[in-house]
>>> print(open('structure10.txt').read())   # compact mmCIF, C-alpha atoms
# COMPACT_ATOMS: atom_id res chain seq x y z
CA MET K 15 -24.48 16.43 18.54
CA HIS K 16 -27.06 16.92 15.84
CA ALA K 17 -25.07 18.28 12.95
CA GLN K 18 -22.39 15.62 13.15
CA THR K 19 -22.25 12.44 11.11
CA ALA K 20 -22.47 9.25 13.14
CA SER K 21 -19.15 7.48 13.61
CA HIS K 22 -18.91 3.97 12.21
CA THR K 23 -15.78 3.09 14.13
CA ALA K 24 -15.74 -0.63 14.87
CA ALA K 25 -16.98 -1.24 18.40
CA SER K 26 -14.14 -3.60 19.15
CA GLN K 27 -11.70 -0.76 18.50
CA THR K 28 -13.37 1.65 20.92
CA ASP K 29 -14.12 -0.67 23.84
CA PRO K 30 -13.24 1.32 27.00
CA VAL K 31 -14.40 -1.08 29.73
CA GLN K 32 -11.56 -3.04 31.24
CA ASP K 33 -13.33 -5.99 32.90
CA ASP K 34 -10.79 -8.81 33.26
CA GLY K 35 -11.41 -11.71 30.91
CA GLN K 36 -14.26 -10.19 28.92
CA HIS K 37 -12.47 -10.21 25.59
CA ASN K 38 -11.55 -13.87 26.01
CA ASP K 39 -15.17 -14.61 27.03
CA ARG K 40 -16.37 -12.95 23.85
CA ARG K 41 -14.05 -15.00 21.64
CA GLN K 42 -15.12 -18.19 23.39
CA GLY K 43 -18.73 -17.10 22.99
CA GLU K 44 -18.35 -16.60 19.27
CA ARG K 45 -16.93 -20.10 18.85
CA ARG K 46 -19.73 -21.65 20.88
CA GLN K 47 -22.45 -19.72 19.06
CA SER K 48 -21.11 -20.84 15.70
CA ASP K 49 -22.30 -24.33 16.67
CA ALA K 50 -25.92 -23.13 16.99
CA PRO K 51 -28.43 -24.43 14.43
CA ALA K 52 -28.21 -22.45 11.20
CA VAL K 53 -31.06 -20.07 10.32
CA GLN K 54 -31.55 -18.81 6.80
CA PRO K 55 -30.28 -15.21 6.90
CA GLY K 56 -32.33 -12.31 5.62
CA ILE K 57 -35.55 -10.42 6.36
CA THR K 58 -39.02 -11.86 5.96
CA GLN K 59 -42.44 -10.51 6.88
CA ALA K 60 -45.85 -11.74 8.02
CA PRO K 61 -49.14 -10.18 9.23
CA PHE K 62 -49.34 -9.26 12.92
CA GLY K 63 -52.92 -8.08 13.33
CA THR K 64 -54.97 -5.02 12.45
CA LEU K 65 -55.31 -1.64 14.13
CA PRO K 66 -58.81 -0.47 15.19
CA ASP K 67 -58.93 1.81 12.12
CA GLY K 68 -58.30 -1.14 9.80
CA ARG K 69 -54.63 -0.57 8.99
CA PRO K 70 -52.61 -3.79 8.95
CA VAL K 71 -49.59 -4.31 11.18
CA THR K 72 -46.65 -6.33 9.87
CA GLN K 73 -44.01 -8.30 11.73
CA TYR K 74 -40.53 -8.45 10.18
CA THR K 75 -38.12 -11.27 11.04
CA LEU K 76 -34.37 -10.57 10.84
CA ALA K 77 -32.11 -13.64 10.92
CA ASN K 78 -28.34 -13.85 10.61
CA GLY K 79 -27.84 -17.61 10.28
CA ARG K 80 -25.91 -17.93 13.55
CA GLY K 81 -28.89 -18.85 15.67
CA MET K 82 -29.99 -15.27 16.26
CA VAL K 83 -33.44 -14.07 15.23
CA VAL K 84 -35.00 -10.66 15.89
CA LYS K 85 -38.66 -9.82 15.26
CA VAL K 86 -39.92 -6.25 14.82
CA ILE K 87 -43.39 -4.84 14.13
CA ASP K 88 -44.06 -1.57 12.33
CA PHE K 89 -46.44 -0.47 15.10
CA GLY K 90 -44.24 1.46 17.52
CA GLY K 91 -41.12 0.01 15.89
CA ILE K 92 -41.42 -2.60 18.63
CA ILE K 93 -38.88 -5.41 18.97
CA THR K 94 -41.18 -8.27 19.95
CA GLU K 95 -38.66 -11.14 20.12
CA ILE K 96 -34.89 -11.64 20.38
CA HIS K 97 -33.75 -15.27 20.12
CA VAL K 98 -30.10 -15.92 20.97
CA PRO K 99 -28.25 -19.13 21.93
CA ASP K 100 -27.02 -19.83 25.44
CA ARG K 101 -23.60 -21.30 26.29
CA HIS K 102 -24.82 -24.72 25.11
CA GLY K 103 -26.10 -23.40 21.80
CA VAL K 104 -29.74 -23.62 22.92
CA GLY K 105 -31.80 -20.67 21.71
CA GLY K 106 -34.08 -18.63 23.94
CA ASP K 107 -36.13 -15.44 23.68
CA VAL K 108 -34.50 -12.79 25.87
CA ALA K 109 -36.96 -9.92 25.18
CA LEU K 110 -40.14 -9.23 27.11
CA GLY K 111 -43.20 -8.74 24.93
CA PHE K 112 -46.55 -10.10 23.75
CA ASP K 113 -47.67 -12.78 21.29
CA THR K 114 -50.37 -10.61 19.70
CA LEU K 115 -50.93 -6.97 18.76
CA GLU K 116 -53.76 -6.13 21.16
CA PRO K 117 -51.71 -5.79 24.38
CA TYR K 118 -49.31 -3.40 22.62
CA LEU K 119 -52.25 -1.11 21.79
CA LYS K 120 -53.12 -0.68 25.45
CA GLU K 121 -51.20 1.17 28.09
CA SER K 122 -48.04 -0.82 28.61
CA PRO K 123 -44.54 -0.12 29.95
CA TYR K 124 -43.08 0.53 26.46
CA LEU K 125 -42.01 -3.09 25.95
CA GLY K 126 -39.54 -3.16 23.04
CA ALA K 127 -40.69 0.18 21.63
CA LEU K 128 -39.11 3.15 19.90
CA ILE K 129 -39.40 6.27 22.06
CA GLY K 130 -39.85 9.87 20.90
CA ARG K 131 -39.90 12.74 20.41
CA TYR K 132 -38.28 12.86 23.82
CA GLY K 133 -37.17 9.80 25.74
CA ASN K 134 -37.40 10.05 29.53
CA ARG K 135 -39.06 12.91 31.45
CA ILE K 136 -39.59 16.64 31.02
CA ALA K 137 -40.54 18.36 34.28
CA LYS K 138 -44.21 19.35 34.37
CA GLY K 139 -44.22 19.02 30.57
CA ARG K 140 -42.88 22.56 30.25
CA PHE K 141 -39.90 24.11 28.53
CA THR K 142 -38.92 27.42 26.99
CA LEU K 143 -37.29 27.50 23.56
CA ASP K 144 -36.05 30.69 21.89
CA GLY K 145 -38.15 32.77 24.26
CA LYS K 146 -41.40 30.86 23.69
CA ASP K 147 -43.05 28.70 26.35
CA TYR K 148 -44.34 25.25 25.46
CA GLN K 149 -46.68 22.97 27.41
CA LEU K 150 -46.62 19.25 26.66
CA PRO K 151 -49.23 16.82 28.03
CA VAL K 152 -48.35 15.24 31.37
CA ASN K 153 -48.66 11.46 31.47
CA ASN K 154 -46.42 10.47 34.39
CA GLY K 155 -47.73 12.15 37.50
CA GLU K 156 -47.19 15.84 36.88
CA ASN K 157 -44.46 15.21 34.29
CA HIS K 158 -44.18 14.41 30.57
CA LEU K 159 -42.74 10.95 29.82
CA HIS K 160 -41.43 9.33 26.62
CA GLY K 161 -43.02 11.77 24.17
CA GLY K 162 -46.55 11.74 25.60
CA ASP K 163 -49.57 9.60 24.86
CA PRO K 164 -49.44 8.60 22.13
CA GLY K 165 -45.72 8.81 21.67
CA PHE K 166 -43.71 7.16 18.92
CA ASP K 167 -44.36 3.82 20.63
CA LYS K 168 -48.06 3.98 19.69
CA VAL K 169 -47.93 5.02 16.03
CA LEU K 170 -47.69 3.01 12.82
CA TRP K 171 -44.36 3.59 11.12
CA THR K 172 -43.83 3.19 7.37
CA ALA K 173 -41.55 0.19 6.94
CA ALA K 174 -39.33 -0.89 4.06
CA VAL K 175 -36.58 -3.47 3.70
CA GLU K 176 -33.55 -1.57 2.44
CA GLY K 177 -30.46 -3.67 1.79
CA GLU K 178 -29.74 -5.65 4.95
CA GLY K 179 -31.77 -3.36 7.19
CA LEU K 180 -35.37 -2.60 8.08
CA ALA K 181 -36.07 1.13 7.73
CA LEU K 182 -38.96 2.65 9.69
CA ARG K 183 -40.13 6.21 8.97
CA TYR K 184 -42.56 8.51 10.74
CA ARG K 185 -43.48 12.18 10.34
CA SER K 186 -44.42 13.79 13.64
CA VAL K 187 -46.41 16.85 12.59
CA ASP K 188 -46.10 20.33 14.04
CA GLY K 189 -47.96 20.48 17.35
CA GLU K 190 -48.15 16.72 17.89
CA GLN K 191 -48.12 16.17 21.67
CA GLY K 192 -47.31 19.87 21.95
CA TYR K 193 -43.92 19.74 20.20
CA PRO K 194 -43.04 22.45 17.68
CA GLY K 195 -42.14 21.70 14.07
CA ASN K 196 -42.56 18.83 11.64
CA LEU K 197 -40.06 16.14 12.56
CA ASP K 198 -39.14 13.47 10.00
CA ALA K 199 -37.67 10.51 11.84
CA THR K 200 -36.06 7.36 10.43
CA VAL K 201 -34.90 4.36 12.40
CA VAL K 202 -32.99 1.50 10.75
CA TYR K 203 -32.71 -1.89 12.44
CA SER K 204 -30.15 -4.38 11.18
CA LEU K 205 -28.73 -7.66 12.46
CA THR K 206 -25.05 -8.41 11.92
CA ASP K 207 -23.10 -11.67 11.72
CA ASP K 208 -21.52 -10.62 15.03
CA ASN K 209 -24.92 -11.05 16.72
CA GLU K 210 -25.43 -7.30 17.01
CA ILE K 211 -28.73 -5.49 16.74
CA VAL K 212 -27.76 -2.17 15.18
CA VAL K 213 -30.15 0.75 15.72
CA ARG K 214 -29.51 3.90 13.68
CA PHE K 215 -31.58 7.04 14.29
CA HIS K 216 -31.93 9.95 11.86
CA ALA K 217 -34.18 13.02 12.09
CA VAL K 218 -34.61 16.48 10.59
CA THR K 219 -37.00 19.31 11.46
CA ASP K 220 -38.37 22.54 10.03
CA GLN K 221 -38.54 24.28 13.44
CA PRO K 222 -36.36 24.08 16.55
CA THR K 223 -37.59 21.21 18.74
CA PRO K 224 -36.32 18.91 21.50
CA VAL K 225 -35.34 15.45 20.23
CA ASN K 226 -34.11 12.49 22.29
CA LEU K 227 -34.87 9.16 20.60
CA THR K 228 -34.15 5.77 22.14
CA GLN K 229 -34.98 2.06 22.12
CA HIS K 230 -36.83 0.61 25.11
CA SER K 231 -36.46 -3.17 25.07
CA TYR K 232 -36.74 -5.14 28.31
CA PHE K 233 -34.25 -8.00 28.62
CA ASN K 234 -34.03 -11.16 30.69
CA LEU K 235 -30.98 -13.11 29.53
CA ARG K 236 -32.18 -16.38 31.02
CA GLY K 237 -34.42 -16.71 27.94
CA ALA K 238 -37.14 -18.77 29.67
CA PRO K 239 -39.23 -21.12 27.48
CA ALA K 240 -42.84 -20.14 26.73
CA GLY K 241 -45.13 -20.53 29.72
CA GLU K 242 -42.27 -20.64 32.23
CA SER K 243 -41.14 -17.82 34.46
CA GLY K 244 -37.79 -16.32 33.56
CA GLY K 245 -37.38 -15.31 37.19
CA ASP K 246 -36.10 -11.91 38.24
CA ILE K 247 -33.00 -10.22 36.86
CA LEU K 248 -31.31 -9.61 40.22
CA GLN K 249 -28.55 -12.19 39.61
CA HIS K 250 -27.62 -10.65 36.24
CA VAL K 251 -24.16 -9.11 36.59
CA ILE K 252 -23.83 -5.62 35.14
CA SER K 253 -21.06 -3.08 34.61
CA ILE K 254 -21.62 0.49 33.42
CA ASP K 255 -18.74 2.66 32.22
CA ALA K 256 -19.76 5.77 34.15
CA ASP K 257 -18.15 7.73 36.97
CA ARG K 258 -21.30 9.84 37.52
CA PHE K 259 -25.07 9.53 37.46
CA VAL K 260 -28.05 11.91 37.51
CA PRO K 261 -29.74 12.16 40.93
CA ILE K 262 -33.52 12.59 40.82
CA ASP K 263 -36.32 13.83 43.06
CA ALA K 264 -39.33 11.77 44.14
CA GLY K 265 -40.95 12.43 40.73
CA SER K 266 -37.86 11.15 38.87
CA ILE K 267 -36.89 14.65 37.69
CA PRO K 268 -33.16 15.50 37.79
CA LEU K 269 -31.97 17.66 40.67
CA GLY K 270 -29.54 19.33 38.27
CA ASP K 271 -26.21 18.06 39.54
CA LEU K 272 -24.19 15.10 38.29
CA ALA K 273 -23.20 13.01 41.28
CA PRO K 274 -20.16 10.70 41.58
CA VAL K 275 -20.99 7.01 41.83
CA THR K 276 -18.09 6.37 44.19
CA GLY K 277 -19.27 4.96 47.51
CA THR K 278 -22.88 4.57 46.34
CA PRO K 279 -25.05 1.66 45.12
CA PHE K 280 -24.76 3.28 41.67
CA ASP K 281 -21.12 2.33 41.21
CA PHE K 282 -21.09 -0.36 38.51
CA ARG K 283 -17.64 0.41 37.15
CA ARG K 284 -16.78 -3.14 38.15
CA PRO K 285 -19.26 -5.96 37.51
CA ARG K 286 -21.83 -6.48 40.26
CA PRO K 287 -25.13 -8.38 40.47
CA ILE K 288 -28.08 -6.05 39.90
CA GLY K 289 -29.65 -7.15 43.18
CA GLU K 290 -26.54 -6.87 45.33
CA ARG K 291 -27.31 -3.36 46.65
CA ILE K 292 -30.77 -2.62 45.26
CA GLU K 293 -32.45 -2.81 48.69
CA GLN K 294 -29.96 -0.62 50.51
CA PRO K 295 -31.44 2.33 52.44
CA ASP K 296 -30.40 4.87 49.83
CA LYS K 297 -32.52 7.94 49.08
CA GLN K 298 -31.95 7.68 45.34
CA LEU K 299 -32.98 4.02 45.30
CA ARG K 300 -36.15 5.00 47.15
CA HIS K 301 -36.91 7.69 44.57
CA GLY K 302 -36.51 5.21 41.71
CA THR K 303 -38.04 2.25 43.59
CA GLY K 304 -34.74 0.64 42.62
CA TYR K 305 -32.57 1.59 39.66
CA ASP K 306 -34.29 3.98 37.26
CA HIS K 307 -31.60 6.56 36.64
CA ASN K 308 -29.43 8.03 33.91
CA TRP K 309 -25.71 7.24 34.06
CA VAL K 310 -23.28 9.79 32.58
CA LEU K 311 -21.07 7.70 30.33
CA ASN K 312 -17.31 8.15 30.37
CA ARG K 313 -16.13 9.55 27.07
CA PRO K 314 -13.76 12.30 25.94
CA GLU K 315 -15.26 15.78 25.74
CA GLY K 316 -17.08 16.17 22.43
CA SER K 317 -16.46 12.56 21.37
CA ARG K 318 -19.14 10.71 19.44
CA ASP K 319 -17.24 7.47 18.98
CA LEU K 320 -19.20 4.27 19.25
CA ARG K 321 -18.05 3.07 22.68
CA ARG K 322 -19.05 0.27 24.99
CA ALA K 323 -21.25 1.59 27.77
CA VAL K 324 -22.78 -1.48 29.43
CA HIS K 325 -21.87 -5.15 29.87
CA VAL K 326 -24.42 -7.61 31.31
CA CYS K 327 -24.05 -11.36 31.81
CA GLU K 328 -26.42 -13.98 33.21
CA PRO K 329 -24.46 -16.72 34.99
CA GLU K 330 -26.92 -19.60 34.49
CA SER K 331 -27.38 -19.31 30.73
CA GLY K 332 -23.99 -17.74 30.07
CA ARG K 333 -25.58 -15.13 27.80
CA VAL K 334 -23.87 -11.75 27.53
CA LEU K 335 -25.32 -8.44 26.34
CA GLU K 336 -23.15 -5.42 25.59
CA LEU K 337 -24.40 -1.96 24.65
CA PHE K 338 -22.25 0.22 22.40
CA THR K 339 -23.50 3.75 21.80
CA GLN K 340 -22.66 7.26 20.66
CA GLU K 341 -24.99 8.74 23.27
CA PRO K 342 -23.73 10.58 26.38
CA GLY K 343 -25.98 8.66 28.78
CA VAL K 344 -27.81 5.43 29.44
CA GLN K 345 -30.95 4.92 31.51
CA PHE K 346 -30.64 1.71 33.48
CA TYR K 347 -34.04 0.54 34.71
CA SER K 348 -34.45 -2.58 36.84
CA GLY K 349 -38.11 -3.33 36.06
CA ASN K 350 -39.37 -1.87 39.33
CA PHE K 351 -42.93 -1.27 38.14
CA LEU K 352 -43.54 -4.71 36.66
CA ASP K 353 -46.02 -6.28 39.05
CA GLY K 354 -47.29 -9.49 37.46
CA SER K 355 -50.37 -7.85 35.94
CA LEU K 356 -48.99 -8.15 32.39
CA THR K 357 -49.32 -11.56 30.75
CA GLY K 358 -46.63 -11.85 28.13
CA LYS K 359 -45.53 -14.37 25.54
CA GLY K 360 -46.56 -17.94 26.21
CA GLY K 361 -48.78 -16.92 29.11
CA ARG K 362 -45.83 -15.76 31.19
CA ALA K 363 -46.58 -13.16 33.88
CA TYR K 364 -44.05 -10.35 34.00
CA ALA K 365 -43.36 -10.12 37.70
CA PHE K 366 -41.46 -7.56 39.75
CA ARG K 367 -37.99 -6.97 38.32
CA SER K 368 -38.31 -9.72 35.72
CA GLY K 369 -36.72 -7.54 33.03
CA PHE K 370 -34.22 -4.69 32.76
CA CYS K 371 -33.73 -1.85 30.28
CA ILE K 372 -30.56 -0.12 29.12
CA GLU K 373 -31.74 2.88 27.10
CA PRO K 374 -29.04 4.90 25.29
CA GLN K 375 -30.05 8.55 25.44
CA HIS K 376 -29.36 12.17 26.28
CA PHE K 377 -30.21 13.21 29.82
CA PRO K 378 -33.76 13.58 31.20
CA ASP K 379 -35.27 17.07 31.38
CA SER K 380 -32.43 18.52 29.29
CA PRO K 381 -34.62 21.31 27.81
CA ASN K 382 -34.80 22.71 31.37
CA GLN K 383 -31.21 21.93 32.34
CA PRO K 384 -28.82 24.27 30.47
CA ALA K 385 -25.73 22.51 31.86
CA TYR K 386 -26.72 19.19 30.24
CA PRO K 387 -25.78 18.23 26.66
CA ASP K 388 -28.04 20.02 24.18
CA THR K 389 -31.12 18.19 22.85
CA ILE K 390 -32.51 20.95 20.60
CA LEU K 391 -32.56 20.06 16.91
CA ARG K 392 -32.73 23.03 14.53
CA PRO K 393 -33.56 23.37 10.83
CA GLY K 394 -30.58 22.48 8.68
CA GLU K 395 -29.12 20.17 11.34
CA VAL K 396 -29.28 16.38 11.31
CA TYR K 397 -29.99 14.26 14.36
CA GLU K 398 -27.97 11.10 13.80
CA THR K 399 -26.91 8.52 16.36
CA GLU K 400 -26.18 4.80 16.48
CA SER K 401 -26.34 2.14 19.18
CA ARG K 402 -25.52 -1.57 19.04
CA PHE K 403 -26.76 -4.39 21.28
CA ARG K 404 -24.22 -7.21 20.99
CA PHE K 405 -24.99 -10.74 22.23
CA SER K 406 -22.46 -13.46 22.99
CA VAL K 407 -21.81 -16.06 25.70
CA MET K 408 -19.31 -16.40 28.53
CA ASP K 409 -17.42 -19.49 29.68
>>> encode(input="structure10.txt", output="structure tokens")
Amino acid sequence: MHAQTASHTAASQTDPVQDDGQHNDRRQGERRQSDAPAVQPGITQAPFGTLPDGRPVTQYTLANGRGMVVKVIDFGGIITEIHVPDRHGVGGDVALGFDTLEPYLKESPYLGALIGRYGNRIAKGRFTLDGKDYQLPVNNGENHLHGGDPGFDKVLWTAAVEGEGLALRYRSVDGEQGYPGNLDATVVYSLTDDNEIVVRFHAVTDQPTPVNLTQHSYFNLRGAPAGESGGDILQHVISIDADRFVPIDAGSIPLGDLAPVTGTPFDFRRPRPIGERIEQPDKQLRHGTGYDHNWVLNRPEGSRDLRRAVHVCEPESGRVLELFTQEPGVQFYSGNFLDGSLTGKGGRAYAFRSGFCIEPQHFPDSPNQPAYPDTILRPGEVYETESRFRFSVMD
């Protein structure tokens, strides 16, 4: 995957999910959203607090003039707000997050953050690469999660507005969180006139190292006003273009096989409410305390086309979110560890299953799973991948 150039094939030309009526819904949604109040397009910036060592943090606002606004801070590359219209043209913030910097500095469930060097888990923090054993810190029980502590979600990236995008750069030095090699990572966020958040990842290294970068926003498409509860996400209707998923043990480490979704609560090849089967007496649901698994996306062998992987709609607001990605997998997480202890924007408590994540990625624990797609980046190769989060409305 690493030495290939990212495909820029238009998402609409590579859409593999065949949900009846979705294309018509999208066209209707585009007409409705065009009636939303105009916002001056472009990228602006403003202060967003100061780190304990005195470095300033900046918030960048991306607007496309169609009623969509996205806010990003250079600390952790965190998407703090996503404002999109509902079916009536009324805007709402559909991203979980905080109003100020301080909560992001503390231990938090990666709200809106960039994740690296390795998204998801590595068993016991150990792997062997080219005959050498490596030990990473364990920060999730006995396992290594999302690049360690601190991972890329807790560092200050160097930000610059470049053309129509916001470029964030970070050098992860040799030995950081136990990873070998200096890794130079760049992430570019942009907002299109099609109401797409485009996320482009690029990285190079001077030593072989595992790399699996992703974006970890939590969504609730109801877009509740400040101070009001958005409710849970169990009535959101989701489809995932995947015939298989990755079963896990009680520590959320892959068992090694890729299991068929047929006949299981993990079959989302047709749209189903998230909560429809989440409480079924299924061993995998018990291990994840709900959905917290990697789905193996359907795509031709060796293909890196930008293809639609996930479609989510929220019936009350009519908002739709689609994920297009070049990645072979997506981690769908149903917010099982949100417990009301986090007070988010506008004083809103983030209760159990009040947000969901769809994280495009390679598979968890791949450095220890030789049958999984390779996640080792080597000198002279380029890690390059693109994902798009497209918003619209349904009838």
>>> residues_around(input="structure10.txt", residues="stretch 81-91 of chain K", least_positions_apart="4", cutoff="6 Å", atoms="all atoms listed in the file", output="PyMOL selection string")
chain K and resi 50-53+72-77+95-98+127-128+166-171
>>> write_last_selection(input="structure10.txt", atoms="C-alpha atoms", output="PDB file, in the frame of the given file")
ATOM      1  CA  ALA K  50     -25.920 -23.130  16.990  1.00  0.00           C
ATOM      2  CA  PRO K  51     -28.430 -24.430  14.430  1.00  0.00           C
ATOM      3  CA  ALA K  52     -28.210 -22.450  11.200  1.00  0.00           C
ATOM      4  CA  VAL K  53     -31.060 -20.070  10.320  1.00  0.00           C
ATOM      5  CA  THR K  72     -46.650  -6.330   9.870  1.00  0.00           C
ATOM      6  CA  GLN K  73     -44.010  -8.300  11.730  1.00  0.00           C
ATOM      7  CA  TYR K  74     -40.530  -8.450  10.180  1.00  0.00           C
ATOM      8  CA  THR K  75     -38.120 -11.270  11.040  1.00  0.00           C
ATOM      9  CA  LEU K  76     -34.370 -10.570  10.840  1.00  0.00           C
ATOM     10  CA  ALA K  77     -32.110 -13.640  10.920  1.00  0.00           C
ATOM     11  CA  GLU K  95     -38.660 -11.140  20.120  1.00  0.00           C
ATOM     12  CA  ILE K  96     -34.890 -11.640  20.380  1.00  0.00           C
ATOM     13  CA  HIS K  97     -33.750 -15.270  20.120  1.00  0.00           C
ATOM     14  CA  VAL K  98     -30.100 -15.920  20.970  1.00  0.00           C
ATOM     15  CA  ALA K 127     -40.690   0.180  21.630  1.00  0.00           C
ATOM     16  CA  LEU K 128     -39.110   3.150  19.900  1.00  0.00           C
ATOM     17  CA  PHE K 166     -43.710   7.160  18.920  1.00  0.00           C
ATOM     18  CA  ASP K 167     -44.360   3.820  20.630  1.00  0.00           C
ATOM     19  CA  LYS K 168     -48.060   3.980  19.690  1.00  0.00           C
ATOM     20  CA  VAL K 169     -47.930   5.020  16.030  1.00  0.00           C
ATOM     21  CA  LEU K 170     -47.690   3.010  12.820  1.00  0.00           C
ATOM     22  CA  TRP K 171     -44.360   3.590  11.120  1.00  0.00           C
TER      23      TRP K 171
END
>>> closest_residue(input="structure10.txt", among="K:Pro378, K:Gly155, K:Gly130, K:Gly316", to="K:Phe215", atoms="all atoms listed in the file")
K:Gly130
>>> closest_atom_pairs(input="structure10.txt", of="stretch 324-380 of chain K", to="stretch 393-401 of chain K", cutoff="9 Å", atoms="only C-alpha atoms", output="Markdown table")
| residue | atom | partner | partner_atom | distance |
| --- | --- | --- | --- | --- |
| K:Leu337 | CA | K:Ser401 | CA | 7.1 |
| K:Phe338 | CA | K:Ser401 | CA | 5.5 |
| K:Thr339 | CA | K:Ser401 | CA | 4.2 |
| K:Gln340 | CA | K:Glu400 | CA | 6.0 |
| K:Glu341 | CA | K:Thr399 | CA | 7.2 |
| K:Pro374 | CA | K:Ser401 | CA | 7.2 |
>>> residues_near_point(input="structure10.txt", point="(-17.7, 5.5, 34.2)", cutoff="10 Å", atoms="all atoms listed in the file", output="ChimeraX atom specification")
/K:30-31,253-259,274-275,281-284,309-313,323-324
>>> write_last_selection(input="structure10.txt", atoms="C-alpha atoms", output="mmCIF file, in the frame of the given file")
data_model
loop_
_atom_site.group_PDB
_atom_site.id
_atom_site.type_symbol
_atom_site.label_atom_id
_atom_site.label_comp_id
_atom_site.auth_asym_id
_atom_site.auth_seq_id
_atom_site.Cartn_x
_atom_site.Cartn_y
_atom_site.Cartn_z
ATOM 1 C CA PRO K 30 -13.240 1.320 27.000
ATOM 2 C CA VAL K 31 -14.400 -1.080 29.730
ATOM 3 C CA SER K 253 -21.060 -3.080 34.610
ATOM 4 C CA ILE K 254 -21.620 0.490 33.420
ATOM 5 C CA ASP K 255 -18.740 2.660 32.220
ATOM 6 C CA ALA K 256 -19.760 5.770 34.150
ATOM 7 C CA ASP K 257 -18.150 7.730 36.970
ATOM 8 C CA ARG K 258 -21.300 9.840 37.520
ATOM 9 C CA PHE K 259 -25.070 9.530 37.460
ATOM 10 C CA PRO K 274 -20.160 10.700 41.580
ATOM 11 C CA VAL K 275 -20.990 7.010 41.830
ATOM 12 C CA ASP K 281 -21.120 2.330 41.210
ATOM 13 C CA PHE K 282 -21.090 -0.360 38.510
ATOM 14 C CA ARG K 283 -17.640 0.410 37.150
ATOM 15 C CA ARG K 284 -16.780 -3.140 38.150
ATOM 16 C CA TRP K 309 -25.710 7.240 34.060
ATOM 17 C CA VAL K 310 -23.280 9.790 32.580
ATOM 18 C CA LEU K 311 -21.070 7.700 30.330
ATOM 19 C CA ASN K 312 -17.310 8.150 30.370
ATOM 20 C CA ARG K 313 -16.130 9.550 27.070
ATOM 21 C CA ALA K 323 -21.250 1.590 27.770
ATOM 22 C CA VAL K 324 -22.780 -1.480 29.430
#
>>> closest_residue(input="structure10.txt", among="K:Arg131, K:Val213, K:Gly105, K:Thr142", to="K:Asp188", atoms="only C-alpha atoms")
K:Arg131
>>> residues_around(input="structure10.txt", residues="K:Asp100", least_positions_apart="2", cutoff="8 Å", atoms="only C-alpha atoms", output="mmCIF file with C-alpha atoms, in the frame of the given file")
data_model
loop_
_atom_site.group_PDB
_atom_site.id
_atom_site.type_symbol
_atom_site.label_atom_id
_atom_site.label_comp_id
_atom_site.auth_asym_id
_atom_site.auth_seq_id
_atom_site.Cartn_x
_atom_site.Cartn_y
_atom_site.Cartn_z
ATOM 1 C CA GLN K 47 -22.450 -19.720 19.060
ATOM 2 C CA VAL K 98 -30.100 -15.920 20.970
ATOM 3 C CA HIS K 102 -24.820 -24.720 25.110
ATOM 4 C CA GLY K 103 -26.100 -23.400 21.800
ATOM 5 C CA VAL K 104 -29.740 -23.620 22.920
ATOM 6 C CA GLY K 105 -31.800 -20.670 21.710
ATOM 7 C CA GLY K 106 -34.080 -18.630 23.940
ATOM 8 C CA SER K 331 -27.380 -19.310 30.730
ATOM 9 C CA GLY K 332 -23.990 -17.740 30.070
ATOM 10 C CA ARG K 333 -25.580 -15.130 27.800
ATOM 11 C CA VAL K 407 -21.810 -16.060 25.700
#
>>> atom_distance(input="structure10.txt", atom1="atom CA of K:Asp208", atom2="atom CA of K:Ser406")
8.5 Å
>>> closest_residue(input="structure10.txt", among="K:Tyr193, K:Phe377, K:Tyr203, K:Phe280", to="K:Leu143", atoms="all atoms listed in the file")
K:Tyr193
>>> residues_near_point(input="structure10.txt", point="(-33.8, -13.2, 40.0)", cutoff="10 Å", atoms="all atoms listed in the file", output="list in words")
Asn234, Arg236, Gly244, Gly245, Asp246, Ile247, Leu248, Gln249, His250, Pro287, Ile288, Gly289, Phe366, Arg367, Ser368 and Gly369 of chain K
>>> closest_residue(input="structure10.txt", among="K:Asn350, K:Asn157, K:Ser266, K:Thr58", to="K:Glu293", atoms="only C-alpha atoms")
K:Asn350
>>> residues_around(input="structure10.txt", residues="K:Gly139", least_positions_apart="5", cutoff="10 Å", atoms="all atoms listed in the file", output="PyMOL selection string")
chain K and resi 148-154+156-159+161-162+192+379
>>> residues_around(input="structure10.txt", residues="stretch 355-362 of chain K", least_positions_apart="3", cutoff="12 Å", atoms="only C-alpha atoms", output="ChimeraX atom specification")
/K:94-95,107-118,120-123,125,232,237-245,351-352,365-366,368-369
>>> atom_distance(input="structure10.txt", atom1="atom CA of K:Asp263", atom2="atom CA of K:Leu299")
10.6 Å
>>> atom_distance(input="structure10.txt", atom1="atom CA of K:Arg392", atom2="atom CA of K:His160")
20.2 Å
>>> closest_residue(input="structure10.txt", among="K:Leu205, K:Cys371, K:Ile211, K:Ala174", to="K:Pro55", atoms="all atoms listed in the file")
K:Leu205
>>> closest_residue(input="structure10.txt", among="K:Ala173, K:Ala385, K:Ala181, K:Leu197", to="K:Pro222", atoms="all atoms listed in the file")
K:Leu197
>>> residues_around(input="structure10.txt", residues="K:Ala199", least_positions_apart="6", cutoff="9 Å", atoms="all atoms listed in the file", output="list in words")
Leu182, Arg183, Tyr184, Arg185, Ser186, Phe215, His216, Ala217, Val218, Thr219 and Tyr397 of chain K
